[in-house]
$ cat protein-v4.txt   # compact mmCIF, C-alpha atoms and all ligand atoms
# COMPACT_ATOMS: atom_id res chain seq x y z
CA MET A 1 0.00 0.00 0.00
CA ILE A 2 1.25 3.49 -0.82
CA VAL A 3 0.12 6.63 1.00
CA ILE A 4 0.62 10.01 -0.69
CA MET A 5 0.49 12.95 1.72
CA MET A 6 -0.90 16.40 0.94
CA PRO A 7 1.69 18.95 -0.24
CA GLY A 8 3.01 20.93 2.72
CA THR A 9 2.08 18.35 5.41
CA PRO A 10 4.22 19.04 8.50
CA GLU A 11 6.81 16.35 9.21
CA GLN A 12 5.38 15.60 12.69
CA GLU A 13 2.00 14.67 11.09
CA VAL A 14 3.77 12.31 8.69
CA MET A 15 5.68 10.68 11.55
CA SER A 16 2.56 10.39 13.68
CA LEU A 17 0.73 8.54 10.88
CA LYS A 18 3.82 6.36 10.33
CA ARG A 19 3.80 5.32 14.01
CA ARG A 20 0.10 4.50 13.96
CA ILE A 21 0.58 2.25 10.93
CA GLU A 22 3.65 0.61 12.48
CA ASP A 23 1.53 -0.25 15.53
CA LYS A 24 -0.26 -2.69 13.21
CA ASP A 25 3.02 -4.56 12.59
CA VAL A 26 3.58 -3.08 9.16
CA ARG A 27 6.92 -1.52 8.18
CA VAL A 28 6.75 1.99 6.75
CA SER A 29 9.36 3.69 4.59
CA VAL A 30 9.11 7.46 4.25
CA THR A 31 10.22 9.25 1.08
CA LYS A 32 10.34 13.06 0.94
CA GLY A 33 9.76 14.36 -2.56
CA ASP A 34 9.97 17.97 -3.80
CA LYS A 35 6.37 18.71 -2.84
CA TYR A 36 5.06 15.90 -0.67
CA TYR A 37 5.86 12.87 1.43
CA VAL A 38 5.14 9.33 0.24
CA LEU A 39 4.77 6.41 2.68
CA GLY A 40 5.44 2.86 1.46
CA LEU A 41 3.79 0.14 3.57
CA VAL A 42 5.63 -3.17 3.55
CA GLY A 43 4.42 -6.49 5.00
CA ASP A 44 1.00 -7.92 5.73
CA THR A 45 -1.39 -5.00 5.27
CA THR A 46 -4.62 -7.02 5.66
CA ALA A 47 -5.25 -5.41 9.08
CA ILE A 48 -4.91 -1.91 7.65
CA ASP A 49 -8.19 -0.16 6.93
CA LYS A 50 -7.55 1.93 3.81
CA SER A 51 -10.58 4.14 4.45
CA LYS A 52 -9.27 5.14 7.92
CA ILE A 53 -6.02 6.41 6.37
CA GLU A 54 -8.03 8.21 3.67
CA ALA A 55 -9.97 9.96 6.42
CA ASN A 56 -6.77 11.65 7.64
CA GLU A 57 -6.90 15.29 6.48
CA HIS A 58 -3.19 15.24 5.58
CA VAL A 59 -3.56 12.28 3.23
CA SER A 60 -4.07 12.96 -0.46
CA ARG A 61 -4.37 9.41 -1.83
CA VAL A 62 -3.98 5.77 -0.79
CA MET A 63 -3.17 3.14 -3.38
CA LYS A 64 -3.34 -0.61 -2.93
CA VAL A 65 -0.45 -2.49 -4.50
CA GLN A 66 -1.69 -5.91 -3.53
CA GLU A 67 -5.15 -7.44 -3.58
CA PRO A 68 -7.04 -7.40 -0.24
CA TYR A 69 -7.48 -11.17 -0.22
CA LYS A 70 -4.66 -13.34 1.00
CA LEU A 71 -5.70 -16.98 1.37
CA ALA A 72 -7.42 -17.00 -2.03
CA ASN A 73 -4.50 -15.18 -3.67
CA ARG A 74 -2.24 -17.04 -6.09
CA LEU A 75 0.64 -14.87 -4.98
CA PHE A 76 0.91 -16.84 -1.74
CA HIS A 77 -0.18 -20.20 -3.17
CA GLN A 78 1.23 -20.80 -6.64
CA LYS A 79 -0.14 -24.28 -7.32
CA ASN A 80 -3.75 -24.83 -8.38
CA THR A 81 -5.95 -26.12 -5.58
CA ILE A 82 -7.46 -29.49 -6.41
CA ILE A 83 -10.52 -30.43 -4.39
CA ASP A 84 -11.24 -34.11 -4.00
CA VAL A 85 -14.79 -35.20 -3.29
CA SER A 86 -14.78 -38.98 -2.79
CA GLY A 87 -12.37 -39.49 -5.67
CA ASN A 88 -13.94 -36.88 -7.97
CA THR A 89 -11.55 -34.00 -8.45
CA ILE A 90 -12.25 -30.36 -9.23
CA GLY A 91 -9.32 -28.22 -10.35
CA GLY A 92 -7.12 -30.90 -11.91
CA ASP A 93 -7.00 -32.35 -15.44
CA LYS A 94 -10.54 -33.59 -15.17
CA ILE A 95 -13.32 -31.15 -16.06
CA ALA A 96 -15.89 -31.70 -13.32
CA VAL A 97 -19.44 -31.73 -14.60
CA MET A 98 -22.30 -31.26 -12.14
CA ALA A 99 -25.68 -31.89 -13.73
CA GLY A 100 -29.28 -32.24 -12.72
CA PRO A 101 -32.52 -30.33 -12.39
CA CYS A 102 -32.89 -26.83 -11.04
CA SER A 103 -34.99 -28.24 -8.24
CA VAL A 104 -35.75 -31.65 -6.81
CA GLU A 105 -39.42 -32.37 -7.57
CA SER A 106 -40.05 -36.05 -6.75
CA GLU A 107 -38.17 -39.27 -6.12
CA ASP A 108 -38.86 -40.56 -9.65
CA GLN A 109 -37.73 -37.29 -11.21
CA ILE A 110 -34.43 -36.97 -9.35
CA VAL A 111 -33.51 -40.65 -9.55
CA GLU A 112 -34.26 -40.85 -13.28
CA ILE A 113 -32.25 -37.70 -14.06
CA ALA A 114 -29.40 -38.81 -11.77
CA LYS A 115 -29.15 -42.14 -13.59
CA SER A 116 -29.13 -40.52 -17.00
CA VAL A 117 -26.54 -37.82 -16.22
CA LYS A 118 -24.34 -40.44 -14.63
CA GLU A 119 -24.63 -42.58 -17.75
CA SER A 120 -23.49 -39.56 -19.79
CA GLY A 121 -20.40 -39.12 -17.60
CA ALA A 122 -21.37 -36.39 -15.11
CA SER A 123 -19.41 -36.61 -11.85
CA PHE A 124 -21.89 -34.82 -9.55
CA LEU A 125 -25.65 -34.54 -9.22
CA ARG A 126 -27.05 -31.05 -8.77
CA GLY A 127 -30.56 -30.31 -7.54
CA GLY A 128 -32.05 -27.58 -5.40
CA ALA A 129 -34.00 -28.49 -2.28
CA PHE A 130 -34.17 -24.94 -0.92
CA LYS A 131 -34.87 -22.53 -3.77
CA PRO A 132 -34.16 -18.79 -3.67
CA ARG A 133 -37.05 -17.47 -5.76
CA THR A 134 -37.71 -13.86 -6.69
CA SER A 135 -41.41 -14.29 -5.93
CA PRO A 136 -42.66 -15.68 -2.60
CA TYR A 137 -45.54 -17.26 -4.59
CA SER A 138 -43.22 -19.39 -6.76
CA PHE A 139 -42.23 -22.96 -5.86
CA GLN A 140 -39.83 -22.73 -2.92
CA GLY A 141 -38.39 -26.24 -3.19
CA LEU A 142 -39.18 -29.45 -1.30
CA ARG A 143 -36.83 -28.25 1.43
CA GLU A 144 -35.79 -30.99 3.88
CA SER A 145 -37.66 -33.72 2.05
CA GLY A 146 -35.76 -32.59 -1.07
CA LEU A 147 -32.54 -33.42 0.78
CA ASP A 148 -33.94 -36.88 1.58
CA LEU A 149 -34.66 -37.44 -2.13
CA LEU A 150 -31.16 -36.30 -3.12
CA LYS A 151 -29.80 -38.84 -0.67
CA ILE A 152 -31.84 -41.58 -2.32
CA ALA A 153 -30.55 -40.53 -5.76
CA LYS A 154 -27.01 -40.65 -4.41
CA GLU A 155 -27.56 -44.14 -2.99
CA GLU A 156 -28.94 -45.31 -6.36
CA THR A 157 -26.17 -43.83 -8.50
CA GLY A 158 -23.18 -43.15 -6.27
CA LEU A 159 -23.08 -39.57 -7.57
CA PRO A 160 -22.02 -37.03 -4.93
CA ILE A 161 -24.59 -34.28 -4.46
CA VAL A 162 -24.41 -30.50 -4.81
CA THR A 163 -27.24 -28.45 -3.36
CA GLU A 164 -27.85 -24.92 -2.19
CA ILE A 165 -27.93 -23.75 1.40
CA MET A 166 -29.82 -20.59 2.32
CA SER A 167 -29.48 -20.24 6.08
CA THR A 168 -27.11 -21.08 8.88
CA ASP A 169 -29.65 -23.19 10.78
CA MET A 170 -29.37 -25.92 8.12
CA ILE A 171 -25.59 -26.26 8.27
CA ASP A 172 -25.48 -29.43 10.41
CA ARG A 173 -27.93 -31.24 8.15
CA PHE A 174 -26.03 -30.16 5.03
CA VAL A 175 -22.66 -31.19 6.48
CA GLN A 176 -24.11 -34.62 7.18
CA ASP A 177 -25.90 -35.28 3.88
CA VAL A 178 -24.44 -33.07 1.15
CA ASP A 179 -21.10 -33.47 -0.63
CA ILE A 180 -20.71 -29.93 -1.97
CA ILE A 181 -22.63 -27.08 -0.35
CA GLN A 182 -23.69 -24.45 -2.87
CA VAL A 183 -23.91 -20.79 -1.88
CA GLY A 184 -26.12 -19.18 -4.49
CA ALA A 185 -25.58 -15.86 -6.23
CA ARG A 186 -28.09 -14.16 -3.94
CA ASN A 187 -26.16 -15.22 -0.85
CA MET A 188 -22.62 -14.53 -2.06
CA GLN A 189 -22.39 -11.67 0.42
CA ASN A 190 -24.32 -13.28 3.26
CA PHE A 191 -21.25 -12.91 5.44
CA GLU A 192 -22.71 -14.66 8.50
CA LEU A 193 -23.47 -17.71 6.35
CA LEU A 194 -19.97 -17.62 4.83
CA LYS A 195 -18.36 -17.39 8.27
CA GLU A 196 -20.31 -20.40 9.55
CA LEU A 197 -19.45 -22.42 6.45
CA GLY A 198 -15.83 -21.49 7.09
CA LYS A 199 -16.00 -23.50 10.30
CA THR A 200 -16.83 -26.69 8.39
CA LYS A 201 -14.53 -28.69 6.15
CA LYS A 202 -17.12 -29.26 3.41
CA PRO A 203 -16.33 -28.17 -0.15
CA ILE A 204 -18.27 -24.98 -0.86
CA LEU A 205 -19.46 -24.00 -4.33
CA LEU A 206 -19.53 -20.21 -4.19
CA LYS A 207 -21.48 -18.57 -7.01
CA ARG A 208 -20.73 -15.07 -8.18
CA GLY A 209 -23.33 -12.52 -7.09
CA LEU A 210 -25.63 -10.95 -9.65
CA SER A 211 -23.72 -7.68 -9.63
CA ALA A 212 -20.51 -8.74 -7.92
CA THR A 213 -17.04 -7.89 -9.15
CA ILE A 214 -14.33 -10.52 -9.38
CA GLU A 215 -12.67 -8.98 -6.32
CA GLU A 216 -15.91 -9.17 -4.32
CA LEU A 217 -16.26 -12.85 -5.27
CA LEU A 218 -12.71 -13.52 -4.10
CA MET A 219 -13.32 -11.58 -0.87
CA SER A 220 -16.34 -13.80 -0.19
CA ALA A 221 -14.14 -16.85 -0.76
CA GLU A 222 -11.70 -15.27 1.69
CA TYR A 223 -14.44 -15.19 4.36
CA ILE A 224 -14.87 -18.96 4.09
CA MET A 225 -11.13 -19.61 3.98
CA ALA A 226 -10.37 -17.26 6.88
CA GLY A 227 -12.59 -19.48 9.04
CA GLY A 228 -10.38 -22.47 8.23
CA ASN A 229 -12.19 -24.03 5.26
CA GLU A 230 -9.99 -23.80 2.20
CA ASN A 231 -12.20 -26.06 0.05
CA VAL A 232 -13.79 -23.36 -2.05
CA ILE A 233 -14.90 -23.79 -5.66
CA LEU A 234 -15.83 -20.57 -7.44
CA CYS A 235 -18.60 -20.35 -10.02
CA GLU A 236 -19.18 -17.81 -12.78
CA ARG A 237 -22.93 -17.83 -13.51
CA GLY A 238 -23.39 -14.64 -15.47
CA ILE A 239 -23.77 -11.12 -14.21
CA ARG A 240 -26.41 -8.46 -14.66
CA THR A 241 -25.67 -6.02 -17.47
CA PHE A 242 -27.73 -3.68 -19.66
CA GLU A 243 -28.33 -6.59 -22.06
CA ASN A 244 -31.68 -8.27 -21.53
CA TYR A 245 -31.84 -10.71 -24.41
CA THR A 246 -30.20 -13.27 -22.14
CA ARG A 247 -31.08 -13.74 -18.45
CA ASN A 248 -27.54 -12.64 -17.49
CA THR A 249 -24.32 -11.97 -19.37
CA LEU A 250 -21.77 -14.77 -19.09
CA ASP A 251 -18.50 -13.12 -18.14
CA LEU A 252 -16.08 -15.56 -19.73
CA SER A 253 -13.17 -13.20 -19.13
CA ALA A 254 -13.63 -13.85 -15.41
CA ILE A 255 -12.21 -17.36 -15.92
CA PRO A 256 -8.69 -16.41 -17.09
CA ALA A 257 -8.77 -13.42 -14.71
CA ILE A 258 -9.55 -15.63 -11.70
CA LYS A 259 -7.00 -18.21 -12.84
CA LYS A 260 -4.39 -15.46 -12.73
CA LEU A 261 -5.51 -13.99 -9.40
CA SER A 262 -6.37 -17.14 -7.46
CA HIS A 263 -5.40 -20.78 -7.06
CA LEU A 264 -9.02 -21.83 -6.41
CA PRO A 265 -10.90 -23.89 -9.01
CA ILE A 266 -13.53 -22.05 -11.04
CA ILE A 267 -16.47 -23.60 -12.83
CA VAL A 268 -19.10 -22.12 -15.16
CA ASP A 269 -22.90 -22.31 -15.04
CA PRO A 270 -24.07 -21.77 -18.63
CA SER A 271 -27.72 -22.45 -17.67
CA HIS A 272 -28.26 -19.49 -15.34
CA ALA A 273 -25.94 -17.32 -17.42
CA ALA A 274 -28.07 -17.48 -20.56
CA GLY A 275 -31.43 -18.57 -19.23
CA LEU A 276 -32.04 -20.21 -22.63
CA TRP A 277 -31.67 -23.97 -23.15
CA TRP A 278 -30.31 -23.62 -26.68
CA MET A 279 -27.41 -21.47 -25.52
CA VAL A 280 -26.19 -23.95 -22.92
CA GLU A 281 -24.24 -26.04 -25.42
CA PRO A 282 -22.18 -23.25 -27.08
CA LEU A 283 -21.53 -21.52 -23.74
CA ALA A 284 -20.44 -24.76 -22.07
CA LYS A 285 -17.96 -25.34 -24.91
CA ALA A 286 -16.70 -21.77 -24.64
CA ALA A 287 -16.21 -22.23 -20.89
CA VAL A 288 -14.02 -25.28 -21.45
CA ALA A 289 -12.08 -23.40 -24.14
CA VAL A 290 -11.24 -20.54 -21.74
CA GLY A 291 -10.01 -22.94 -19.07
CA ALA A 292 -12.94 -23.52 -16.69
CA ASP A 293 -12.35 -26.39 -14.26
CA GLY A 294 -15.89 -27.60 -14.57
CA LEU A 295 -19.50 -26.91 -15.42
CA ILE A 296 -22.79 -26.96 -13.59
CA ILE A 297 -25.63 -27.65 -16.00
CA GLU A 298 -29.39 -27.88 -15.55
CA VAL A 299 -30.78 -31.08 -17.04
CA HIS A 300 -34.48 -32.01 -16.87
CA ASN A 301 -36.35 -34.99 -18.29
CA ASP A 302 -39.49 -32.88 -18.86
CA PRO A 303 -38.44 -29.21 -19.12
CA GLU A 304 -41.89 -28.04 -20.20
CA ASN A 305 -43.35 -29.18 -16.89
CA ALA A 306 -40.36 -28.34 -14.69
CA LYS A 307 -41.26 -26.55 -11.45
CA CYS A 308 -38.34 -24.17 -11.95
CA ASP A 309 -36.06 -23.02 -14.79
CA GLY A 310 -37.44 -25.35 -17.49
CA GLN A 311 -36.60 -22.74 -20.15
CA GLN A 312 -32.90 -23.13 -19.48
CA SER A 313 -32.82 -26.88 -18.86
CA ILE A 314 -31.58 -29.30 -21.47
CA LYS A 315 -32.98 -32.76 -21.98
CA PRO A 316 -30.87 -35.83 -21.11
CA GLU A 317 -30.27 -36.73 -24.81
CA ARG A 318 -28.88 -33.29 -25.53
CA PHE A 319 -26.75 -33.46 -22.40
CA ASP A 320 -25.33 -36.79 -23.53
CA LYS A 321 -24.31 -35.36 -26.90
CA LEU A 322 -22.82 -32.29 -25.18
CA MET A 323 -20.69 -34.44 -22.88
CA LYS A 324 -19.24 -36.30 -25.86
CA ASP A 325 -18.39 -33.00 -27.58
CA LEU A 326 -16.90 -31.55 -24.41
CA ASN A 327 -14.70 -34.60 -23.97
CA LYS A 328 -13.31 -34.10 -27.48
CA LEU A 329 -12.69 -30.43 -26.78
CA ALA A 330 -11.00 -31.19 -23.47
CA TYR A 331 -8.72 -33.73 -25.15
CA ILE A 332 -7.09 -30.94 -27.20
CA GLU A 333 -5.97 -29.33 -23.94
CA LYS A 334 -4.82 -32.67 -22.48
CA ARG A 335 -7.81 -32.64 -20.15
CA TYR A 336 -10.88 -34.86 -20.00
CA VAL A 337 -14.51 -34.75 -18.90
CA TYR A 338 -15.04 -38.42 -18.13
CA ASP A 339 -12.99 -41.54 -18.33
CA PRO A 340 -13.80 -43.01 -21.76
CA LEU A 341 -13.17 -46.49 -20.34
CA ARG A 342 -15.69 -46.01 -17.53
CA VAL A 343 -18.18 -48.81 -17.03
C1 LIG B 1 -29.34 -22.52 -8.99
O1 LIG B 1 -28.22 -23.04 -9.13
O2 LIG B 1 -30.40 -23.14 -9.15
C2 LIG B 1 -29.40 -21.08 -8.70
C3 LIG B 1 -30.46 -20.56 -8.06
O3 LIG B 1 -28.35 -20.40 -9.15
P1 LIG B 1 -27.87 -18.88 -8.92
O4 LIG B 1 -27.64 -18.74 -7.45
O5 LIG B 1 -26.61 -18.79 -9.72
O6 LIG B 1 -28.95 -17.99 -9.45
MN MN B 2 -32.07 -22.83 -11.58
$ encode --input "protein-v4.txt" --output "structure tokens"
Amino acid sequence: MIVIMMPGTPEQEVMSLKRRIEDKDVRVSVTKGDKYYVLGLVGDTTAIDKSKIEANEHVSRVMKVQEPYKLANRLFHQKNTIIDVSGNTIGGDKIAVMAGPCSVESEDQIVEIAKSVKESGASFLRGGAFKPRTSPYSFQGLRESGLDLLKIAKEETGLPIVTEIMSTDMIDRFVQDVDIIQVGARNMQNFELLKELGKTKKPILLKRGLSATIEELLMSAEYIMAGGNENVILCERGIRTFENYTRNTLDLSAIPAIKKLSHLPIIVDPSHAAGLWWMVEPLAKAAVAVGADGLIIEVHNDPENAKCDGQQSIKPERFDKLMKDLNKLAYIEKRYVYDPLRV
């Protein structure tokens, strides 16, 4: 961090600020220029509140040299983080595909879809039990009985399950029954929830907020990691822009940006990004091409009668074809989507 003082600031004011910063265990070098002093802060500046320094009447400008997140930062952790969920990796050479309906609707529905996505090579089953809906009159999910049905689908197929948590009071149940806990876009900055999830060791799928910057997403990951849980998977799911042809705008540039800034795996959700079933395939391919570590895709056996997000759900046959194409695409980059020799 660099602090530029106002021209003409008396030396004792500069030294007093220097001492206050040094009290936070940060070294400070003072440079006297022709017109003003410049302070260079060296060391771990995470405990320094930039806005407090800016509030000092003798300070002209404060500039951050380093990002405010530490545990999620690639600078301090060069190697990619690979998360292992019962033998299924996210962040390595394998492109992890999570597939399933937007919401769990019935035992037959979830078990049938789970079997078919498994057959196509998906490594995780997705399905919402608790649904964050814009309208309180829309289907809110089967809630706890939805978790029971996901468990049945897991027992039938062996697929680990990914499902969304909405409040801290469900954490114990999720830790017991869920393999990857999803924090949805609307809860990306629910800091109390993030802190509590940080106390668990469960892999967390953290989706980017509707209007969140890349830095805000990484700061939310930092909340979970600061609590002791470093198993965070990031997810780009489209952001809100002025464009309204698609439900959101898929920010593909976030993938290489996050790869540069962080060691955490990042996956893409082409379903919520576009909100249109026929765009899922090209966007999923684009995500693999820009280096995403995985995909989360909505698949429904009867999209027209789906209780939620049918318009963006693809049918199992289309998903099967997509998986074959993705595997070919991944091969070019010496990666793979599923083991072609799988039984
Ligand atoms: C979902 O995955 O069903 C979902 C609600 O996603 P998002 O939080 O990205 O809107
Ligand atoms: Mn959905």
$ closest_atom_pairs --input "protein-v4.txt" --of "chain A" --to "ligand MN 2 (chain B)" --cutoff "8 Å" --atoms "only C-alpha atoms and all ligand atoms" --output "tab-separated table"
residue	atom	partner	partner_atom	distance
A:Pro101	CA	B:MN2	MN	7.6
A:Cys102	CA	B:MN2	MN	4.1
A:Ser103	CA	B:MN2	MN	7.0
A:Gly128	CA	B:MN2	MN	7.8
A:Ser271	CA	B:MN2	MN	7.5
A:His272	CA	B:MN2	MN	6.3
A:Glu298	CA	B:MN2	MN	7.0
A:Cys308	CA	B:MN2	MN	6.4
A:Asp309	CA	B:MN2	MN	5.1
A:Gln312	CA	B:MN2	MN	7.9
$ write_last_selection --input "protein-v4.txt" --atoms "C-alpha atoms" --output "PDB file, keeping the file's coordinate frame"
ATOM      1  CA  PRO A 101     -32.520 -30.330 -12.390  1.00  0.00           C
ATOM      2  CA  CYS A 102     -32.890 -26.830 -11.040  1.00  0.00           C
ATOM      3  CA  SER A 103     -34.990 -28.240  -8.240  1.00  0.00           C
ATOM      4  CA  GLY A 128     -32.050 -27.580  -5.400  1.00  0.00           C
ATOM      5  CA  SER A 271     -27.720 -22.450 -17.670  1.00  0.00           C
ATOM      6  CA  HIS A 272     -28.260 -19.490 -15.340  1.00  0.00           C
ATOM      7  CA  GLU A 298     -29.390 -27.880 -15.550  1.00  0.00           C
ATOM      8  CA  CYS A 308     -38.340 -24.170 -11.950  1.00  0.00           C
ATOM      9  CA  ASP A 309     -36.060 -23.020 -14.790  1.00  0.00           C
ATOM     10  CA  GLN A 312     -32.900 -23.130 -19.480  1.00  0.00           C
TER      11      GLN A 312
END
$ residues_near_ligand --input "protein-v4.txt" --ligand "ligand LIG 1 (chain B)" --cutoff "9 Å" --atoms "all atoms listed in the file" --output "ChimeraX atom specification"
/A:101-103,126-128,131-133,163-164,182-188,206-210,235-238,269,271-273,296-298,308-309
$ atom_distance --input "protein-v4.txt" --atom1 "CA of Pro265 in chain A" --atom2 "CA of Ala286 in chain A"
16.8 Å
$ closest_atom_pairs --input "protein-v4.txt" --of "range 108-227 of chain A" --to "range 62-70 of chain A" --cutoff "10 Å" --atoms "all atoms listed in the file" --output "JSON lines"
{"residue": "A:Glu215", "atom": "CA", "partner": "A:Glu67", "partner_atom": "CA", "distance": 8.2}
{"residue": "A:Glu216", "atom": "CA", "partner": "A:Tyr69", "partner_atom": "CA", "distance": 9.6}
{"residue": "A:Leu218", "atom": "CA", "partner": "A:Tyr69", "partner_atom": "CA", "distance": 6.9}
{"residue": "A:Met219", "atom": "CA", "partner": "A:Tyr69", "partner_atom": "CA", "distance": 5.9}
{"residue": "A:Ser220", "atom": "CA", "partner": "A:Tyr69", "partner_atom": "CA", "distance": 9.2}
{"residue": "A:Ala221", "atom": "CA", "partner": "A:Tyr69", "partner_atom": "CA", "distance": 8.8}
{"residue": "A:Glu222", "atom": "CA", "partner": "A:Tyr69", "partner_atom": "CA", "distance": 6.2}
{"residue": "A:Tyr223", "atom": "CA", "partner": "A:Tyr69", "partner_atom": "CA", "distance": 9.3}
{"residue": "A:Met225", "atom": "CA", "partner": "A:Lys70", "partner_atom": "CA", "distance": 9.5}
{"residue": "A:Ala226", "atom": "CA", "partner": "A:Lys70", "partner_atom": "CA", "distance": 9.1}
$ atom_distance --input "protein-v4.txt" --atom1 "CA of Ile239 in chain A" --atom2 "CA of Gly294 in chain A"
18.3 Å
$ decode --input "protein-v4.txt" --residues "range 303-320 of chain A" --atoms "N, CA, C and O atoms" --output "PDB file, in the first residue's frame"
ATOM      1  N   PRO A 303     -38.618 -30.656 -19.384  1.00  0.00           N
ATOM      2  CA  PRO A 303     -38.444 -29.214 -19.121  1.00  0.00           C
ATOM      3  C   PRO A 303     -39.739 -28.412 -19.179  1.00  0.00           C
ATOM      4  O   PRO A 303     -39.919 -27.472 -18.409  1.00  0.00           O
ATOM      5  N   GLU A 304     -40.651 -28.823 -20.069  1.00  0.00           N
ATOM      6  CA  GLU A 304     -41.893 -28.040 -20.197  1.00  0.00           C
ATOM      7  C   GLU A 304     -42.734 -28.045 -18.927  1.00  0.00           C
ATOM      8  O   GLU A 304     -43.511 -27.133 -18.681  1.00  0.00           O
ATOM      9  N   ASN A 305     -42.579 -29.102 -18.142  1.00  0.00           N
ATOM     10  CA  ASN A 305     -43.351 -29.178 -16.894  1.00  0.00           C
ATOM     11  C   ASN A 305     -42.478 -29.015 -15.647  1.00  0.00           C
ATOM     12  O   ASN A 305     -42.913 -29.349 -14.540  1.00  0.00           O
ATOM     13  N   ALA A 306     -41.261 -28.518 -15.844  1.00  0.00           N
ATOM     14  CA  ALA A 306     -40.356 -28.340 -14.695  1.00  0.00           C
ATOM     15  C   ALA A 306     -40.949 -27.296 -13.744  1.00  0.00           C
ATOM     16  O   ALA A 306     -41.579 -26.326 -14.177  1.00  0.00           O
ATOM     17  N   LYS A 307     -40.727 -27.494 -12.448  1.00  0.00           N
ATOM     18  CA  LYS A 307     -41.259 -26.546 -11.454  1.00  0.00           C
ATOM     19  C   LYS A 307     -40.434 -25.265 -11.409  1.00  0.00           C
ATOM     20  O   LYS A 307     -40.857 -24.261 -10.852  1.00  0.00           O
ATOM     21  N   CYS A 308     -39.237 -25.320 -12.021  1.00  0.00           N
ATOM     22  CA  CYS A 308     -38.340 -24.166 -11.946  1.00  0.00           C
ATOM     23  C   CYS A 308     -37.320 -24.239 -13.085  1.00  0.00           C
ATOM     24  O   CYS A 308     -36.751 -25.304 -13.329  1.00  0.00           O
ATOM     25  N   ASP A 309     -37.121 -23.140 -13.778  1.00  0.00           N
ATOM     26  CA  ASP A 309     -36.063 -23.018 -14.794  1.00  0.00           C
ATOM     27  C   ASP A 309     -36.106 -24.026 -15.954  1.00  0.00           C
ATOM     28  O   ASP A 309     -35.045 -24.378 -16.507  1.00  0.00           O
ATOM     29  N   GLY A 310     -37.310 -24.443 -16.347  1.00  0.00           N
ATOM     30  CA  GLY A 310     -37.438 -25.352 -17.492  1.00  0.00           C
ATOM     31  C   GLY A 310     -36.883 -24.740 -18.777  1.00  0.00           C
ATOM     32  O   GLY A 310     -36.304 -25.434 -19.618  1.00  0.00           O
ATOM     33  N   GLN A 311     -37.029 -23.425 -18.924  1.00  0.00           N
ATOM     34  CA  GLN A 311     -36.602 -22.742 -20.152  1.00  0.00           C
ATOM     35  C   GLN A 311     -35.095 -22.812 -20.395  1.00  0.00           C
ATOM     36  O   GLN A 311     -34.629 -22.634 -21.507  1.00  0.00           O
ATOM     37  N   GLN A 312     -34.358 -23.081 -19.326  1.00  0.00           N
ATOM     38  CA  GLN A 312     -32.896 -23.132 -19.482  1.00  0.00           C
ATOM     39  C   GLN A 312     -32.343 -24.544 -19.250  1.00  0.00           C
ATOM     40  O   GLN A 312     -31.138 -24.733 -19.202  1.00  0.00           O
ATOM     41  N   SER A 313     -33.264 -25.505 -19.131  1.00  0.00           N
ATOM     42  CA  SER A 313     -32.824 -26.878 -18.860  1.00  0.00           C
ATOM     43  C   SER A 313     -32.727 -27.663 -20.162  1.00  0.00           C
ATOM     44  O   SER A 313     -33.613 -27.564 -21.018  1.00  0.00           O
ATOM     45  N   ILE A 314     -31.681 -28.462 -20.276  1.00  0.00           N
ATOM     46  CA  ILE A 314     -31.582 -29.303 -21.473  1.00  0.00           C
ATOM     47  C   ILE A 314     -32.041 -30.718 -21.134  1.00  0.00           C
ATOM     48  O   ILE A 314     -31.969 -31.154 -19.984  1.00  0.00           O
ATOM     49  N   LYS A 315     -32.493 -31.400 -22.188  1.00  0.00           N
ATOM     50  CA  LYS A 315     -32.976 -32.764 -21.983  1.00  0.00           C
ATOM     51  C   LYS A 315     -31.780 -33.723 -21.900  1.00  0.00           C
ATOM     52  O   LYS A 315     -30.710 -33.425 -22.449  1.00  0.00           O
ATOM     53  N   PRO A 316     -31.974 -34.889 -21.276  1.00  0.00           N
ATOM     54  CA  PRO A 316     -30.868 -35.835 -21.115  1.00  0.00           C
ATOM     55  C   PRO A 316     -30.156 -36.203 -22.426  1.00  0.00           C
ATOM     56  O   PRO A 316     -28.930 -36.347 -22.452  1.00  0.00           O
ATOM     57  N   GLU A 317     -30.904 -36.336 -23.537  1.00  0.00           N
ATOM     58  CA  GLU A 317     -30.266 -36.727 -24.809  1.00  0.00           C
ATOM     59  C   GLU A 317     -29.294 -35.649 -25.269  1.00  0.00           C
ATOM     60  O   GLU A 317     -28.208 -35.929 -25.772  1.00  0.00           O
ATOM     61  N   ARG A 318     -29.719 -34.410 -25.109  1.00  0.00           N
ATOM     62  CA  ARG A 318     -28.879 -33.289 -25.529  1.00  0.00           C
ATOM     63  C   ARG A 318     -27.637 -33.201 -24.625  1.00  0.00           C
ATOM     64  O   ARG A 318     -26.542 -32.888 -25.073  1.00  0.00           O
ATOM     65  N   PHE A 319     -27.866 -33.480 -23.344  1.00  0.00           N
ATOM     66  CA  PHE A 319     -26.749 -33.457 -22.397  1.00  0.00           C
ATOM     67  C   PHE A 319     -25.728 -34.534 -22.775  1.00  0.00           C
ATOM     68  O   PHE A 319     -24.514 -34.302 -22.750  1.00  0.00           O
ATOM     69  N   ASP A 320     -26.220 -35.684 -23.173  1.00  0.00           N
ATOM     70  CA  ASP A 320     -25.333 -36.792 -23.531  1.00  0.00           C
ATOM     71  C   ASP A 320     -24.435 -36.409 -24.706  1.00  0.00           C
ATOM     72  O   ASP A 320     -23.226 -36.622 -24.697  1.00  0.00           O
TER      73      ASP A 320
END
